Every structure is written in structure tokens, then in C-alpha cells.
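Asker: Next up, structure-v6.tsv (TSV, C-alpha atoms).
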```
chain	number	residue	atom	x	y	z
A	1	MET	CA	0.00	0.00	0.00
A	2	ASN	CA	2.96	2.33	0.47
A	3	ASP	CA	4.89	1.36	-2.67
A	4	ALA	CA	3.88	3.50	-5.66
A	5	ASN	CA	6.11	1.54	-8.04
A	6	ALA	CA	4.53	-1.78	-7.07
A	7	MET	CA	1.07	-0.28	-7.55
A	8	LEU	CA	2.12	1.12	-10.91
A	9	GLU	CA	3.22	-2.33	-12.09
A	10	ILE	CA	-0.22	-3.74	-11.24
A	11	MET	CA	-2.02	-0.79	-12.88
A	12	GLU	CA	0.07	-1.27	-16.04
A	13	ALA	CA	-0.68	-5.00	-16.13
A	14	CYS	CA	-4.39	-4.32	-15.69
A	15	TYR	CA	-4.29	-1.70	-18.46
A	16	LYS	CA	-2.51	-4.08	-20.87
A	17	ALA	CA	-5.22	-6.67	-20.17
A	18	GLY	CA	-7.93	-4.12	-21.06
A	19	GLY	CA	-8.71	-2.39	-17.76
A	20	ARG	CA	-9.02	1.35	-18.21
A	21	GLY	CA	-9.12	2.81	-14.74
A	22	ILE	CA	-8.93	2.58	-10.99
A	23	GLU	CA	-11.23	3.02	-7.99
A	24	ALA	CA	-8.99	4.53	-5.33
A	25	VAL	CA	-9.15	5.52	-1.69
A	26	PRO	CA	-6.69	8.43	-1.60
A	27	GLY	CA	-3.30	7.88	-0.04
A	28	GLU	CA	0.07	9.27	-1.05
A	29	ALA	CA	1.44	6.19	-2.85
A	30	VAL	CA	-1.67	5.40	-4.89
A	31	ILE	CA	-2.06	9.05	-5.91
A	32	ASP	CA	1.58	9.09	-7.08
A	33	ALA	CA	1.01	5.95	-9.15
A	34	ILE	CA	-2.22	7.33	-10.63
A	35	LYS	CA	-0.42	10.52	-11.70
A	36	VAL	CA	2.06	8.45	-13.71
A	37	MET	CA	-0.76	6.46	-15.33
A	38	LYS	CA	-2.60	9.67	-16.23
A	39	GLU	CA	0.56	11.12	-17.79
A	40	THR	CA	1.24	8.03	-19.89
A	41	HIS	CA	-2.31	6.85	-20.74
A	42	SER	CA	-4.71	9.52	-22.01
A	43	ASP	CA	-7.76	7.25	-21.61
A	44	TYR	CA	-7.10	6.26	-17.98
A	45	VAL	CA	-10.21	6.89	-15.86
A	46	VAL	CA	-10.10	7.57	-12.14
A	47	THR	CA	-12.94	7.11	-9.68
A	48	GLY	CA	-12.39	7.31	-5.97
A	49	SER	CA	-13.89	7.03	-2.53
A	50	THR	CA	-13.52	9.69	0.14
A	51	PHE	CA	-11.17	8.96	3.01
A	52	PRO	CA	-13.20	7.50	5.90
A	53	GLY	CA	-11.63	9.49	8.73
A	54	PRO	CA	-13.64	12.11	10.63
A	55	ASP	CA	-11.69	15.17	9.51
A	56	ASP	CA	-10.43	15.36	5.91
A	57	PRO	CA	-12.26	13.28	3.28
A	58	LYS	CA	-9.36	14.03	0.85
A	59	ILE	CA	-11.61	15.22	-1.96
A	60	ASP	CA	-8.85	17.56	-3.18
A	61	GLU	CA	-6.47	14.64	-3.76
A	62	LEU	CA	-9.05	12.90	-5.96
A	63	ILE	CA	-9.87	16.08	-7.87
A	64	ASP	CA	-6.14	16.58	-8.44
A	65	VAL	CA	-6.07	13.31	-10.43
A	66	GLU	CA	-9.29	14.26	-12.28
A	67	ALA	CA	-11.58	11.71	-10.64
A	68	LYS	CA	-14.78	11.43	-12.69
A	69	ILE	CA	-16.85	10.07	-9.78
A	70	ILE	CA	-16.17	10.45	-6.06
A	71	PHE	CA	-18.05	8.01	-3.86
A	72	ALA	CA	-18.86	8.95	-0.26
A	73	HIS	CA	-17.11	6.24	1.76
A	74	GLY	CA	-19.30	3.48	3.15
A	75	MET	CA	-18.35	4.29	6.75
A	76	VAL	CA	-20.00	7.69	6.26
A	77	ALA	CA	-22.78	6.56	3.93
A	78	ASP	CA	-24.10	3.81	6.19
A	79	LYS	CA	-24.95	6.30	8.96
A	80	MET	CA	-27.52	7.78	6.55
A	81	ASP	CA	-27.39	11.18	8.21
A	82	GLU	CA	-26.64	14.84	7.57
A	83	ARG	CA	-22.90	14.17	7.21
A	84	LEU	CA	-23.59	11.98	4.17
A	85	ASN	CA	-25.93	14.59	2.68
A	86	LYS	CA	-23.30	17.35	3.12
A	87	LEU	CA	-20.53	15.19	1.68
A	88	VAL	CA	-22.60	14.47	-1.43
A	89	GLU	CA	-23.35	18.19	-1.78
A	90	GLU	CA	-19.67	19.08	-1.40
A	91	ILE	CA	-18.59	16.57	-4.07
A	92	GLU	CA	-21.27	17.87	-6.43
A	93	SER	CA	-20.30	21.51	-5.75
A	94	ARG	CA	-16.75	20.71	-6.89
A	95	GLY	CA	-18.01	19.74	-10.34
A	96	VAL	CA	-17.57	15.99	-9.84
A	97	ILE	CA	-20.23	13.30	-10.16
A	98	PRO	CA	-21.21	12.28	-6.61
A	99	GLY	CA	-21.59	8.62	-5.75
A	100	ILE	CA	-22.09	6.51	-2.66
A	101	ALA	CA	-20.13	3.44	-1.57
A	102	LEU	CA	-22.25	0.87	0.23
A	103	HIS	CA	-21.11	-1.22	3.18
A	104	ASN	CA	-24.66	-1.86	4.48
A	105	PRO	CA	-25.99	-2.05	0.96
A	106	ALA	CA	-29.78	-2.43	0.77
A	107	PRO	CA	-30.76	0.02	3.55
A	108	THR	CA	-28.24	2.69	2.48
A	109	LEU	CA	-29.24	2.30	-1.15
A	110	GLU	CA	-32.93	2.71	-0.29
A	111	TYR	CA	-32.11	5.81	1.77
A	112	ALA	CA	-30.12	7.35	-1.08
A	113	ILE	CA	-32.81	6.65	-3.67
A	114	GLU	CA	-35.37	8.42	-1.47
A	115	LYS	CA	-33.30	11.27	0.02
A	116	LEU	CA	-30.47	11.91	-2.47
A	117	PRO	CA	-31.97	11.72	-5.96
A	118	GLN	CA	-28.96	13.53	-7.44
A	119	VAL	CA	-26.84	10.44	-6.72
A	120	LYS	CA	-26.92	8.06	-9.68
A	121	ALA	CA	-23.70	6.08	-9.09
A	122	PHE	CA	-23.16	3.45	-6.42
A	123	LEU	CA	-20.19	1.28	-5.48
A	124	THR	CA	-21.74	-1.90	-4.15
A	125	PRO	CA	-20.57	-5.30	-2.94
A	126	LEU	CA	-21.89	-7.95	-5.30
A	127	ASN	CA	-20.68	-11.53	-5.50
A	128	ALA	CA	-22.06	-15.02	-5.93
A	129	ASN	CA	-21.37	-15.89	-2.27
A	130	GLY	CA	-23.31	-12.90	-0.94
A	131	LEU	CA	-20.28	-11.82	1.12
A	132	TYR	CA	-20.61	-8.24	2.47
A	133	MET	CA	-23.98	-7.92	0.70
A	134	GLY	CA	-26.26	-8.09	3.74
A	135	ASP	CA	-29.60	-9.32	2.39
A	136	LYS	CA	-28.30	-10.72	-0.91
A	137	GLU	CA	-31.69	-11.21	-2.55
A	138	ALA	CA	-32.96	-7.76	-1.55
A	139	LEU	CA	-29.81	-6.08	-2.89
A	140	GLU	CA	-29.96	-7.98	-6.19
A	141	LYS	CA	-33.58	-6.91	-6.66
A	142	ILE	CA	-32.82	-3.23	-6.03
A	143	VAL	CA	-29.77	-3.26	-8.32
A	144	ASP	CA	-31.59	-5.02	-11.16
A	145	LYS	CA	-34.74	-2.91	-10.83
A	146	HIS	CA	-33.06	0.49	-11.13
A	147	LYS	CA	-31.89	0.65	-14.73
A	148	ASP	CA	-31.65	4.44	-14.35
A	149	LEU	CA	-28.79	4.06	-11.84
A	150	TYR	CA	-25.18	3.03	-12.38
A	151	PHE	CA	-23.72	0.30	-10.21
A	152	VAL	CA	-20.01	-0.50	-9.90
A	153	GLY	CA	-19.42	-3.91	-8.34
A	154	MET	CA	-16.86	-4.31	-5.57
A	155	LYS	CA	-15.89	-7.32	-3.46
A	156	THR	CA	-16.72	-9.23	-6.64
A	157	LEU	CA	-14.28	-12.05	-5.86
A	158	ALA	CA	-15.69	-12.39	-2.31
A	159	ALA	CA	-12.34	-11.59	-0.70
A	160	GLY	CA	-10.55	-14.15	-2.89
A	161	LYS	CA	-13.01	-16.97	-2.19
A	162	LEU	CA	-14.28	-17.10	-5.78
A	163	GLU	CA	-12.46	-17.96	-8.97
A	164	PRO	CA	-12.69	-15.08	-11.48
A	165	LYS	CA	-14.66	-17.09	-14.07
A	166	GLU	CA	-17.41	-18.00	-11.59
A	167	ALA	CA	-17.38	-14.49	-10.10
A	168	TYR	CA	-17.86	-12.61	-13.35
A	169	GLU	CA	-20.39	-15.03	-14.82
A	170	TYR	CA	-22.52	-14.08	-11.80
A	171	ILE	CA	-21.82	-10.35	-12.21
A	172	SER	CA	-22.77	-10.48	-15.90
A	173	LYS	CA	-26.32	-11.48	-14.94
A	174	HIS	CA	-26.90	-8.24	-12.99
A	175	ASN	CA	-27.21	-4.51	-13.68
A	176	ILE	CA	-23.51	-3.77	-13.19
A	177	CYS	CA	-21.73	-1.33	-15.52
A	178	ALA	CA	-18.18	-1.80	-14.17
A	179	VAL	CA	-16.25	-3.66	-11.51
A	180	ALA	CA	-13.49	-2.70	-9.09
A	181	ILE	CA	-11.24	-5.72	-8.59
A	182	GLY	CA	-8.84	-6.10	-5.69
A	183	MET	CA	-5.39	-6.94	-7.08
A	184	VAL	CA	-2.08	-7.44	-5.31
A	185	THR	CA	0.02	-9.10	-8.03
A	186	VAL	CA	0.65	-8.58	-11.72
A	187	GLU	CA	-0.64	-12.09	-12.43
A	188	GLU	CA	-3.93	-11.37	-10.63
A	189	ALA	CA	-4.31	-8.18	-12.65
A	190	GLU	CA	-3.78	-9.97	-15.95
A	191	VAL	CA	-6.08	-12.91	-15.23
A	192	SER	CA	-8.93	-11.14	-13.42
A	193	THR	CA	-9.13	-8.23	-15.86
A	194	LYS	CA	-9.30	-10.50	-18.91
A	195	ILE	CA	-12.00	-12.75	-17.43
A	196	ALA	CA	-14.07	-9.82	-16.11
A	197	LEU	CA	-14.04	-8.08	-19.50
A	198	GLU	CA	-15.05	-11.25	-21.31
A	199	ALA	CA	-18.04	-11.71	-18.99
A	200	LEU	CA	-19.13	-8.06	-18.94
A	201	GLN	CA	-18.89	-7.57	-22.71
A	202	LYS	CA	-21.17	-10.50	-23.63
```
Could you write out this structure as C-alpha cells?
Answerer:
Amino acid sequence: MNDANAMLEIMEACYKAGGRGIEAVPGEAVIDAIKVMKETHSDYVVTGSTFPGPDDPKIDELIDVEAKIIFAHGMVADKMDERLNKLVEEIESRGVIPGIALHNPAPTLEYAIEKLPQVKAFLTPLNANGLYMGDKEALEKIVDKHKDLYFVGMKTLAAGKLEPKEAYEYISKHNICAVAIGMVTVEEAEVSTKIALEALQK
């Protein structure tokens, strides 16, 4: 997590396999690696989640690397209170598409649909095992029902418990427009990216 060069190697491997962006929680090393990718790849897309701490959500760091969407972190979003509302407003006021990351998915998603209609993008856990999804069936129904919203799948490999082929066959059956894949090696980046793209482009 603190080695920008190691991150850059994984980002490059993902890019060569067809991946065209990153979903980042801002930290010095990842921002440094993203800056190199942005300089060398004109079509590299950045989305990010705010930093979960109580003080600085690090929106500026994500704007500095031209993040297209900034998701309010799940630790803030799941409280479903005024802090979430203000964070969404702040992101929107900076000229960036506001999104919400879901850690308690179905309830937070229902809250956002009712109270924050300007939010159209959601980063949601979605995997065949139902890990981190809460009520799996309820979440699947909400995701698949709302064709007017954009869902980015996370935790898609169920914390490494699923093989990529099985994982992305499942994802391809749902209303998911992109996936954020956890990767720690070049080999993982090459294999997971290729299989995910094959499933999502059917």
C-alpha cells in the first residue's frame, strides 16, 4: 500500500489486459502511481472514494487526479445522516459526479434513492457468495430494478473466495456497468481483468 512503483506495475498490467481505470481511496502512494498512469495513458479513468476518517475526506487529492466520480465512503454513507448529505453536496459543488459506496448495501441504497436523488452512481458489494452484501436477494432486486442508476461492483471475488470465471459469470447477470477488482500481483491483474471483461462484454 505504500509502494507507488509496485502499484504502478499492477495498474500497467491491468491496463494491458484491457482495464481502463482505478477506484482509489486516496493515499500518497496510490495518488503518485495514478499521476504516472494519467501522464502516460490519455484514456485512464479515475474514480475514488472519500477517506473514511472524521476530519479530511481528501476530496482535493481525488480532484487533483481528475476523478470522474467520487463516492462517499461506506463508513459515512451507512450512517444515513446529515454528514452523508453534506458530503454528497460538497462533491457535487466541486463539479464531480457524486456517488455513494455501500457497506450496508440495501438500507443505504434505499435511503439514497429516497433522500439523495442527485446520486446516480453506487459502489456496491456484489458476489455469488453474498459476502458483504447483507440481504443478498434484496440487494440484487434493487440493483436489477433500477436501470436508471449506475452500479459499480466491488468485493466481486468475495475476498478471494471465488475464482474469477465464476465471479464474473454471476456479475454479468446483474445490472452492473463496471467492476473494481482487488489486485495485489501482476498475475492477478492480468487474469482477473481478462475474465471480467469477457463476462461483462457479452
Asker: Given only C-alpha atoms as the basis, pick out the residue of A:Pro26, A:Thr50, A:Glu188, A:Leu197 nearest to A:Ile10.
Answerer: A:Glu188
Asker: Using only C-alpha atoms, what does the table of stretch 121-171 of chain A residues within 12 Å of stretch 76-85 of chain A look like, with each row giving the shortest atom pair and its distance in Å to one decimal, sorted by chain and ascending number, as a tab-separated table?
Answerer:
```
residue	atom	partner	partner_atom	distance
A:Phe122	CA	A:Ala77	CA	10.8
A:Leu123	CA	A:Ala77	CA	11.1
A:Thr124	CA	A:Ala77	CA	11.7
```
Asker: Point out the residue among A:Lys58, A:Lys194, A:Lys155, A:Lys145 with the least atom-to-atom distance to A:Leu102, counting only C-alpha atoms.
Answerer: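 Answer, going by the shortest atom-to-atom distance: A:Lys155.
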Asker: Go through A:Ala158, A:Gly153, A:Lys173, A:Lys38 and flag the residue nearest A:Leu131, using all atoms listed in the file for the distances.
Answerer: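 With all atoms listed in the file as the atom set, the closest residue is A:Ala158.
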Asker: Hey, what's within 8 Å of A:Lys68 if we count all atoms listed in the file and toss same-chain stuff fewer than 4 positions away? As a list of chain:residue names, please?
Answerer: A:Val45, A:Val46, A:Thr47, A:Val96, A:Ile97
Asker: Got a sec to check which residues sit within 12 Å of (-7.2, -6.4, 1.0), counting all atoms listed in the file, and write them as a JSON list (two decimals) with C-alpha atoms, keeping the file's coordinate frame?
Answerer:
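So selection-v8.json came out as:
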```
[["chain", "number", "residue", "atom", "x", "y", "z"],
["A", 1, "MET", "CA", 0.00, 0.00, 0.00],
["A", 154, "MET", "CA", -16.86, -4.31, -5.57],
["A", 155, "LYS", "CA", -15.89, -7.32, -3.46],
["A", 157, "LEU", "CA", -14.28, -12.05, -5.86],
["A", 158, "ALA", "CA", -15.69, -12.39, -2.31],
["A", 159, "ALA", "CA", -12.34, -11.59, -0.70],
["A", 160, "GLY", "CA", -10.55, -14.15, -2.89],
["A", 181, "ILE", "CA", -11.24, -5.72, -8.59],
["A", 182, "GLY", "CA", -8.84, -6.10, -5.69],
["A", 183, "MET", "CA", -5.39, -6.94, -7.08],
["A", 184, "VAL", "CA", -2.08, -7.44, -5.31],
["A", 185, "THR", "CA", 0.02, -9.10, -8.03]]
```
Asker: Need to verify the contact set: A:Leu149, 9 Å, only C-alpha atoms, exclusion of same-chain residues closer than 5 positions in sequence. Can you return it as a PyMOL selection string?
Answerer: chain A and resi 119-122+143+175
Asker: Just give me the gap between atom CA of A:Gln118 and atom CA of A:Ile142 in Å, one decimal is fine.
Answerer: 17.3 Å
Asker: Skipping near chain neighbours, those fewer than 4 positions away, what residues fall within 12 Å of A:Asp135 using only C-alpha atoms, listed as a VMD selection string?
Answerer: chain A and resid 103 to 107 125 to 126 129 to 131 139 to 142
Asker: Print the selection's residues with C-alpha atoms to a file, as a PDB file, in the coordinates of the input.
Answerer:
```pdb
ATOM      1  CA  HIS A 103     -21.110  -1.220   3.180  1.00  0.00           C
ATOM      2  CA  ASN A 104     -24.660  -1.860   4.480  1.00  0.00           C
ATOM      3  CA  PRO A 105     -25.990  -2.050   0.960  1.00  0.00           C
ATOM      4  CA  ALA A 106     -29.780  -2.430   0.770  1.00  0.00           C
ATOM      5  CA  PRO A 107     -30.760   0.020   3.550  1.00  0.00           C
ATOM      6  CA  PRO A 125     -20.570  -5.300  -2.940  1.00  0.00           C
ATOM      7  CA  LEU A 126     -21.890  -7.950  -5.300  1.00  0.00           C
ATOM      8  CA  ASN A 129     -21.370 -15.890  -2.270  1.00  0.00           C
ATOM      9  CA  GLY A 130     -23.310 -12.900  -0.940  1.00  0.00           C
ATOM     10  CA  LEU A 131     -20.280 -11.820   1.120  1.00  0.00           C
ATOM     11  CA  LEU A 139     -29.810  -6.080  -2.890  1.00  0.00           C
ATOM     12  CA  GLU A 140     -29.960  -7.980  -6.190  1.00  0.00           C
ATOM     13  CA  LYS A 141     -33.580  -6.910  -6.660  1.00  0.00           C
ATOM     14  CA  ILE A 142     -32.820  -3.230  -6.030  1.00  0.00           C
TER      15      ILE A 142
END
```
Asker: Restricting the calculation to only C-alpha atoms, which member of A:Ile176, A:Ile70, A:Leu62, A:Leu162 is positioned closest to A:Gly27?
Answerer: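 Smallest distance to A:Gly27 is found for A:Leu62.
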Asker: Counting all atoms listed in the file, what is within 12 Å of A:Glu66, bar same-chain residues fewer than 6 positions away, as a short mmCIF file (atom, residue, chain, number, x, y, z; two decimals) with C-alpha atoms, keeping the file's coordinate frame?
Answerer:
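Saved the output as result.cif:
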```cif
data_model
loop_
_atom_site.label_atom_id
_atom_site.label_comp_id
_atom_site.auth_asym_id
_atom_site.auth_seq_id
_atom_site.Cartn_x
_atom_site.Cartn_y
_atom_site.Cartn_z
CA GLY A 21 -9.12 2.81 -14.74
CA ILE A 22 -8.93 2.58 -10.99
CA ALA A 24 -8.99 4.53 -5.33
CA ILE A 31 -2.06 9.05 -5.91
CA ILE A 34 -2.22 7.33 -10.63
CA LYS A 35 -0.42 10.52 -11.70
CA MET A 37 -0.76 6.46 -15.33
CA LYS A 38 -2.60 9.67 -16.23
CA GLU A 39 0.56 11.12 -17.79
CA SER A 42 -4.71 9.52 -22.01
CA ASP A 43 -7.76 7.25 -21.61
CA TYR A 44 -7.10 6.26 -17.98
CA VAL A 45 -10.21 6.89 -15.86
CA VAL A 46 -10.10 7.57 -12.14
CA THR A 47 -12.94 7.11 -9.68
CA GLY A 48 -12.39 7.31 -5.97
CA ILE A 59 -11.61 15.22 -1.96
CA ASP A 60 -8.85 17.56 -3.18
CA ARG A 94 -16.75 20.71 -6.89
CA GLY A 95 -18.01 19.74 -10.34
CA VAL A 96 -17.57 15.99 -9.84
CA ILE A 97 -20.23 13.30 -10.16
#
```
Asker: Quick check, in Å to one decimal: how far apart do atom CA of A:Asp55 and atom CA of A:Glu114 lie?
Answerer: 27.0 Å
Asker: Would you compute the box with edges along x, y and z of the file around stretch 165-168 of chain A, including every atom the file lists for it and 3 Å extra on each side, and give its centre and edge lengths in Å to one decimal, as JSON?
Answerer:
```
{"center_x": -16.3, "center_y": -15.3, "center_z": -12.1, "size_x": 9.2, "size_y": 11.4, "size_z": 10.0}
```
Asker: When you count all atoms listed in the file, which of these residues is closest to A:Val88: A:Ile63, A:Leu116, A:Ala6, A:Ala128?
Answerer: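 The answer is A:Leu116, which sits nearest to A:Val88.
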